[in-house]
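*Asks:* Have a peek at my_file_23.cif (mmCIF, C-alpha atoms).
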```cif
data_input
#
loop_
_atom_site.label_atom_id
_atom_site.label_comp_id
_atom_site.auth_asym_id
_atom_site.auth_seq_id
_atom_site.Cartn_x
_atom_site.Cartn_y
_atom_site.Cartn_z
CA MET A 1 -4.48 -49.33 43.65
CA THR A 2 -4.99 -46.66 41.02
CA THR A 3 -4.27 -47.42 37.40
CA THR A 4 -3.81 -44.98 34.56
CA THR A 5 -5.01 -45.85 31.09
CA THR A 6 -3.97 -44.15 27.88
CA ALA A 7 -5.87 -44.39 24.65
CA ILE A 8 -4.13 -46.31 21.90
CA GLY A 9 -2.31 -43.98 19.56
CA SER A 10 -2.73 -40.93 21.78
CA SER A 11 0.18 -38.55 22.23
CA PRO A 12 0.93 -36.72 25.50
CA ILE A 13 1.89 -33.62 23.53
CA VAL A 14 -1.39 -33.66 21.59
CA ASP A 15 -3.37 -34.24 24.80
CA GLN A 16 -1.57 -31.38 26.56
CA LEU A 17 -2.05 -29.03 23.62
CA ALA A 18 -5.74 -29.93 23.42
CA ALA A 19 -6.18 -29.28 27.16
CA LEU A 20 -4.44 -25.90 26.91
CA THR A 21 -6.47 -24.93 23.84
CA VAL A 22 -9.76 -25.82 25.53
CA ARG A 23 -8.63 -23.84 28.57
CA ASN A 24 -7.93 -20.76 26.40
CA LEU A 25 -11.26 -21.04 24.60
CA ARG A 26 -13.12 -21.37 27.90
CA THR A 27 -11.24 -18.41 29.36
CA SER A 28 -12.23 -16.26 26.39
CA ALA A 29 -15.85 -17.40 26.59
CA ARG A 30 -16.01 -16.53 30.30
CA VAL A 31 -15.37 -12.86 29.54
CA PRO A 32 -18.41 -12.02 27.38
CA GLN A 33 -17.57 -8.30 27.31
CA LEU A 34 -14.13 -8.95 25.81
CA LEU A 35 -15.58 -11.52 23.43
CA MET A 36 -18.27 -9.10 22.25
CA PHE A 37 -15.87 -6.21 21.66
CA SER A 38 -13.33 -8.48 19.97
CA LEU A 39 -15.91 -9.74 17.48
CA THR A 40 -17.91 -6.55 16.92
CA MET A 41 -15.15 -3.92 16.85
CA PRO A 42 -14.06 -4.83 13.28
CA MET A 43 -17.66 -4.48 12.09
CA ALA A 44 -17.96 -1.04 13.70
CA MET A 45 -14.68 0.02 12.08
CA LEU A 46 -15.85 -1.29 8.72
CA VAL A 47 -19.03 0.80 8.89
CA LEU A 48 -17.19 3.95 10.00
CA PHE A 49 -14.27 3.71 7.58
CA SER A 50 -16.45 2.76 4.63
CA GLN A 51 -18.57 5.87 5.13
CA VAL A 52 -15.98 8.40 6.32
CA PHE A 53 -13.24 7.58 3.80
CA ARG A 54 -15.30 6.52 0.79
CA SER A 55 -14.22 9.71 -1.01
CA VAL A 56 -10.77 8.07 -1.30
CA ALA A 57 -12.24 6.06 -4.18
CA ALA A 58 -12.42 9.26 -6.22
CA GLY A 59 -8.68 9.89 -5.88
CA PRO A 60 -6.31 9.53 -8.85
CA GLY A 61 -4.35 6.67 -7.30
CA PHE A 62 -7.39 4.52 -6.55
CA PRO A 63 -8.01 1.39 -8.69
CA ALA A 64 -10.49 2.09 -11.46
CA GLY A 65 -13.87 0.38 -11.25
CA VAL A 66 -13.44 -0.72 -7.63
CA GLY A 67 -15.90 0.35 -4.93
CA TYR A 68 -14.40 1.48 -1.63
CA ILE A 69 -16.29 -1.19 0.33
CA ASP A 70 -14.72 -3.88 -1.88
CA PHE A 71 -11.33 -2.22 -1.38
CA LEU A 72 -11.79 -1.87 2.38
CA THR A 73 -13.28 -5.24 3.39
CA PRO A 74 -10.16 -7.40 2.80
CA ALA A 75 -8.12 -4.74 4.57
CA MET A 76 -10.39 -4.95 7.61
CA LEU A 77 -9.94 -8.71 7.63
CA ALA A 78 -6.17 -8.23 7.90
CA VAL A 79 -6.37 -5.27 10.29
CA SER A 80 -8.77 -7.02 12.68
CA THR A 81 -6.39 -9.98 12.76
CA VAL A 82 -3.57 -7.67 13.83
CA MET A 83 -5.74 -5.95 16.44
CA ALA A 84 -6.85 -9.27 17.89
CA GLY A 85 -3.23 -10.41 18.12
CA THR A 86 -2.78 -8.07 21.09
CA ASN A 87 -5.16 -10.34 23.01
CA ALA A 88 -2.51 -13.06 22.86
CA GLY A 89 0.01 -10.68 24.41
CA VAL A 90 -2.34 -9.66 27.20
CA SER A 91 -3.22 -13.31 27.82
CA ALA A 92 0.47 -14.20 28.10
CA ALA A 93 1.05 -11.33 30.54
CA ILE A 94 -1.90 -12.42 32.68
CA ASP A 95 -0.46 -15.93 32.88
CA HIS A 96 2.71 -14.37 34.29
CA THR A 97 0.97 -12.13 36.83
CA ASN A 98 -1.24 -14.88 38.25
CA GLY A 99 1.59 -17.41 38.48
CA LEU A 100 0.19 -19.77 35.86
CA HIS A 101 3.29 -19.42 33.68
CA ASP A 102 5.47 -20.65 36.55
CA ARG A 103 3.05 -23.52 37.05
CA PHE A 104 3.35 -24.46 33.39
CA ALA A 105 7.15 -24.36 33.69
CA ALA A 106 7.00 -26.85 36.54
CA LEU A 107 4.88 -29.31 34.59
CA PRO A 108 6.37 -32.06 32.39
CA MET A 109 5.41 -30.49 29.07
CA ARG A 110 7.10 -28.53 26.33
CA ALA A 111 7.52 -24.81 26.96
CA THR A 112 6.12 -23.99 23.50
CA LEU A 113 2.70 -25.55 24.07
CA PRO A 114 1.02 -22.58 25.86
CA GLY A 115 1.98 -20.34 22.94
CA MET A 116 0.69 -22.88 20.43
CA ALA A 117 -2.60 -23.07 22.32
CA ARG A 118 -2.93 -19.27 22.21
CA THR A 119 -2.30 -19.38 18.46
CA ILE A 120 -5.04 -21.96 17.90
CA ASN A 121 -7.38 -19.86 20.03
CA GLU A 122 -6.65 -16.79 17.89
CA ALA A 123 -7.15 -18.78 14.68
CA VAL A 124 -10.61 -19.88 15.83
CA PHE A 125 -11.66 -16.33 16.67
CA THR A 126 -10.13 -15.06 13.43
CA LEU A 127 -12.47 -17.29 11.45
CA ALA A 128 -15.45 -16.16 13.56
CA ARG A 129 -14.56 -12.48 13.03
CA ALA A 130 -14.12 -13.04 9.30
CA ALA A 131 -17.60 -14.57 9.06
CA LEU A 132 -19.23 -11.70 10.97
CA LEU A 133 -17.25 -9.11 9.03
CA GLY A 134 -18.29 -10.69 5.75
CA ILE A 135 -21.97 -10.48 6.72
CA ALA A 136 -21.62 -6.81 7.68
CA ALA A 137 -19.79 -6.04 4.44
CA VAL A 138 -22.49 -7.65 2.30
CA LEU A 139 -25.10 -5.48 4.02
CA LEU A 140 -23.02 -2.44 3.03
CA GLY A 141 -22.89 -3.49 -0.62
CA PHE A 142 -19.77 -5.67 -0.70
CA ASP A 143 -19.44 -7.99 -3.69
CA PHE A 144 -17.05 -10.96 -3.78
CA HIS A 145 -15.57 -11.21 -7.28
CA GLY A 146 -13.42 -14.30 -6.74
CA ASN A 147 -14.15 -18.03 -6.82
CA GLY A 148 -13.93 -20.94 -4.39
CA VAL A 149 -10.14 -21.15 -4.67
CA ASP A 150 -9.90 -17.46 -3.86
CA ALA A 151 -12.06 -17.93 -0.77
CA VAL A 152 -9.97 -20.86 0.51
CA SER A 153 -6.72 -19.01 -0.20
CA ALA A 154 -7.97 -15.93 1.66
CA VAL A 155 -8.83 -18.04 4.71
CA LEU A 156 -5.38 -19.64 4.61
CA ILE A 157 -3.69 -16.23 4.49
CA LEU A 158 -5.78 -15.01 7.43
CA VAL A 159 -5.00 -18.04 9.58
CA VAL A 160 -1.25 -17.83 8.91
CA LEU A 161 -1.29 -14.08 9.61
CA ALA A 162 -3.18 -14.76 12.86
CA GLY A 163 -0.47 -17.22 13.86
CA ALA A 164 2.27 -14.69 13.17
CA MET A 165 0.48 -11.94 15.12
CA SER A 166 -0.22 -14.29 18.02
CA ALA A 167 3.46 -15.23 18.18
CA LEU A 168 4.60 -11.61 17.94
CA PHE A 169 2.31 -10.19 20.62
CA GLY A 170 2.67 -13.32 22.74
CA LEU A 171 6.42 -12.68 22.82
CA ILE A 172 5.76 -9.09 23.90
CA GLY A 173 3.51 -10.38 26.68
CA ASP A 174 6.13 -12.88 27.84
CA ARG A 175 8.79 -10.16 27.95
CA LEU A 176 6.83 -7.30 29.56
CA ARG A 177 4.62 -9.47 31.81
CA ARG A 178 2.19 -6.70 32.76
CA PRO A 179 -1.16 -6.56 30.96
CA ASP A 180 -1.44 -2.76 31.12
CA VAL A 181 2.07 -2.27 29.73
CA VAL A 182 1.49 -4.92 27.06
CA GLN A 183 -1.61 -3.07 25.85
CA PHE A 184 0.36 0.15 25.28
CA ALA A 185 3.32 -1.67 23.75
CA GLY A 186 0.94 -3.59 21.53
CA MET A 187 -0.51 -0.33 20.25
CA MET A 188 2.97 0.92 19.38
CA VAL A 189 3.60 -2.21 17.31
CA MET A 190 0.09 -2.49 15.91
CA MET A 191 -0.22 1.02 14.49
CA PRO A 192 2.62 0.87 11.92
CA LEU A 193 1.61 -2.66 10.92
CA MET A 194 -1.90 -1.43 10.19
CA PHE A 195 -1.30 1.96 8.60
CA VAL A 196 2.01 1.47 6.77
CA SER A 197 0.19 -0.73 4.29
CA SER A 198 -2.43 -0.53 1.58
CA ALA A 199 -5.21 -1.19 4.09
CA PHE A 200 -6.96 2.17 3.85
CA ALA A 201 -5.36 3.85 0.85
CA PRO A 202 -3.13 2.73 -2.08
CA ILE A 203 0.56 2.57 -1.18
CA GLN A 204 1.36 4.65 -4.27
CA THR A 205 -0.24 7.67 -2.59
CA MET A 206 2.16 7.49 0.40
CA PRO A 207 5.59 9.12 0.85
CA GLY A 208 8.55 7.15 -0.49
CA TRP A 209 9.87 6.15 2.93
CA MET A 210 6.48 4.69 3.89
CA GLN A 211 6.34 2.77 0.63
CA ALA A 212 9.74 1.29 1.44
CA MET A 213 8.53 0.24 4.91
CA ALA A 214 5.43 -1.34 3.40
CA THR A 215 7.56 -3.69 1.29
CA VAL A 216 8.69 -5.50 4.47
CA ASN A 217 5.35 -5.32 6.26
CA PRO A 218 3.62 -8.74 6.29
CA VAL A 219 0.27 -7.06 6.90
CA ALA A 220 0.70 -5.04 3.69
CA HIS A 221 1.37 -8.21 1.70
CA ALA A 222 -1.54 -10.01 3.35
CA THR A 223 -3.85 -7.08 2.57
CA ASP A 224 -2.78 -7.01 -1.08
CA ALA A 225 -3.29 -10.75 -1.46
CA LEU A 226 -6.66 -10.71 0.30
CA ARG A 227 -7.79 -7.80 -1.85
CA GLY A 228 -6.68 -9.66 -4.95
CA HIS A 229 -8.70 -12.71 -3.95
CA VAL A 230 -11.75 -10.57 -3.22
CA LEU A 231 -11.50 -8.79 -6.57
CA GLY A 232 -10.55 -11.96 -8.44
CA THR A 233 -7.22 -10.50 -9.59
CA ASP A 234 -4.79 -12.27 -7.27
CA THR A 235 -1.85 -14.23 -8.63
CA ALA A 236 -0.01 -17.19 -7.14
CA ALA A 237 2.98 -14.91 -6.58
CA ASP A 238 0.90 -12.50 -4.45
CA THR A 239 -0.41 -15.34 -2.30
CA ALA A 240 3.04 -16.87 -1.93
CA THR A 241 4.55 -13.51 -0.96
CA ALA A 242 1.87 -12.96 1.71
CA LEU A 243 2.39 -16.44 3.16
CA VAL A 244 6.20 -16.21 3.11
CA ALA A 245 6.13 -12.78 4.79
CA ALA A 246 3.81 -13.96 7.56
CA ILE A 247 5.65 -17.26 8.06
CA GLY A 248 8.97 -15.40 8.06
CA LEU A 249 7.78 -13.11 10.86
CA TRP A 250 6.35 -16.10 12.72
CA ALA A 251 9.63 -18.01 12.43
CA ALA A 252 11.74 -15.01 13.45
CA VAL A 253 9.63 -14.35 16.53
CA THR A 254 9.65 -18.03 17.49
CA THR A 255 13.43 -18.26 17.33
CA ILE A 256 14.04 -15.25 19.59
CA PRO A 257 13.33 -17.13 22.87
CA VAL A 258 15.49 -20.03 21.68
CA LEU A 259 18.41 -17.74 20.87
CA THR A 260 17.96 -15.95 24.18
CA ARG A 261 18.21 -19.22 26.11
CA LEU A 262 21.29 -20.26 24.15
CA LEU A 263 23.00 -16.91 24.82
CA ARG A 264 22.20 -17.13 28.52
CA SER A 265 23.56 -20.66 28.69
CA ALA A 266 26.74 -19.62 26.89
CA HIS A 267 27.16 -16.62 29.19
CA ALA A 268 26.63 -18.77 32.29
CA ARG A 269 29.49 -20.98 31.27
#
```
Would you kindly transcribe this structure into structure tokens?
*Replies:*
Amino acid sequence: MTTTTTAIGSSPIVDQLAALTVRNLRTSARVPQLLMFSLTMPMAMLVLFSQVFRSVAAGPGFPAGVGYIDFLTPAMLAVSTVMAGTNAGVSAAIDHTNGLHDRFAALPMRATLPGMARTINEAVFTLARAALLGIAAVLLGFDFHGNGVDAVSAVLILVVLAGAMSALFGLIGDRLRRPDVVQFAGMMVMMPLMFVSSAFAPIQTMPGWMQAMATVNPVAHATDALRGHVLGTDTAADTATALVAAIGLWAAVTTIPVLTRLLRSAHAR
């Protein structure tokens, strides 16, 4: 006779989430090419942008006394988080094409757990990218002007933004269900998030309609808050705005599948 033992205090949901998270981390580690490009691409972009666009620092709308590398580094932290979010969408689409999503649906676990596991996976790689990007920035002359609280706050903003991007692109992957299509759709979503912001140039130098779009862009708010923490000029209001914007997007994306199921149930009746 076979007996099953469960550790005291353990939760099936926690155990399932842990198993899915480990599975995602192992899957990422088994594709070294993807892992390498995911971690090194932001550093390559940092080097290129810091050298090609450094003349922006001489423009009239650029903050006085701020080097372009100090201006660019927090932006690259936010931008690389957005770029990496597309990996969650592709991962979700792959789960659909290989039948794993249907297998998950047949198992006695909550439907939200695979998405949560992808989010944790993205958060782990976000921290790894931030560390590598920071090293590359220091070699290029970057100087952190904040304190310990600024550093912790910046990490918190990055992790929450990573969660929002993982949820957004994961939803795209669940809807489109083809990795090649998800990559193109992800680019269409990613580009305005990245460039309609203060990532590469001050928002004040942009046309009015782009400035208006930037006010509702969570990546723009995250970039501003990260830059403030790097320069030591951030306020509690900036940090709160960045967190609320990212959490708002995260919550909105998370509720879409729920509303869809409710509408389908109501229509079936």
*Asks:* Find the residue from A:Trp250, A:Ala201, A:Leu139, A:Pro257 that sits nearest to Ser55 of chain A; use all atoms listed in the file when measuring.
*Replies:*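 Checking each of A:Trp250, A:Ala201, A:Leu139, A:Pro257 against Ser55 of chain A, counting all atoms listed in the file, the winner is A:Ala201.
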*Asks:* For the point (0.7, -0.2, 27.6) in the file's frame, write as a list in words all residues with an atom no more than 12 Å away, counting only C-alpha atoms.
*Replies:*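 In the file's frame, the residues around the point are Thr86, Gly89, Val90, Ala93, Ile172, Gly173, Leu176, Arg177, Arg178, Pro179, Asp180, Val181, Val182, Gln183, Phe184, Ala185, Gly186, Met187, Met188, Val189 and Met190 of chain A.
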*Asks:* Would you kindly translate the PyMOL selection byres ((chain A and resi 106-112) around 10) into the concrete residues it picks from this file, as a VMD selection string?
*Replies:* chain A and resid 12 to 13 16 to 17 100 to 105 113 to 117 254 257
*Asks:* Can you list, as a list in words, every protein, DNA or RNA residue that comes within 12 Å of Leu25 of chain A when you count only C-alpha atoms, leaving out same-chain residues fewer than 6 positions away?
*Replies:* Ala18, Ala19, Val31, Pro32, Leu35, Ala88, Ser91, Ala117, Arg118, Thr119, Ile120, Asn121, Glu122, Ala123, Val124 and Phe125 of chain A
*Asks:* Could you please determine the separation between atom CA of Ser197 of chain A and atom CA of Thr215 of chain A in Å, to one decimal place?
*Replies:*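 Atom CA of Thr215 of chain A lies 8.5 Å from atom CA of Ser197 of chain A.
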*Asks:* I need the output of the PyMOL selection byres ((chain A and resi 152-156) around 10) for this file as a list in words; which residues are they?
*Replies:*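 Going through the file, the PyMOL selection byres ((chain A and resi 152-156) around 10) ends up selecting Pro74, Leu77, Thr126, Leu127, Ala130, Asn147, Gly148, Val149, Asp150, Ala151, Ile157, Leu158, Val159, Val160, Leu161, Ala162, Ala222, Thr223, Ala225, Leu226, Arg227, Gly228, His229, Val230, Asp234, Ala236, Thr239 and Leu243 of chain A.
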*Asks:* For Thr205 of chain A, which residue out of A:Arg54, A:Asn24, A:Phe62, A:Ala75 is the nearest one, using all atoms listed in the file?
*Replies:*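 Closest to Thr205 of chain A, using all atoms listed in the file: A:Phe62.
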*Asks:* Please, which residues are within 12 Å of (-18.0, -12.1, 13.9) by the file's coordinates, counting only C-alpha atoms, and could they come as a list in words?
*Replies:* Leu35, Met36, Phe37, Ser38, Leu39, Thr40, Met41, Pro42, Met43, Ala44, Leu77, Ser80, Thr81, Val124, Phe125, Thr126, Leu127, Ala128, Arg129, Ala130, Ala131, Leu132, Leu133, Gly134, Ile135, Ala136 and Ala137 of chain A
*Asks:* Have a look at atom CA of Val244 of chain A and atom CA of Leu46 of chain A and let me know their distance in Å, one decimal.
*Replies:*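 A separation of 27.2 Å between them.
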*Asks:* Which one is closest to His145 of chain A: A:Val66, A:Ile247, A:Val82, A:Ala252? Count all atoms listed in the file.
*Replies:* A:Val66
*Asks:* Quick one, how far is atom CA of Val253 of chain A from atom CA of Leu171 of chain A?
*Replies:*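 Here the two named atoms are 7.3 Å from each other.
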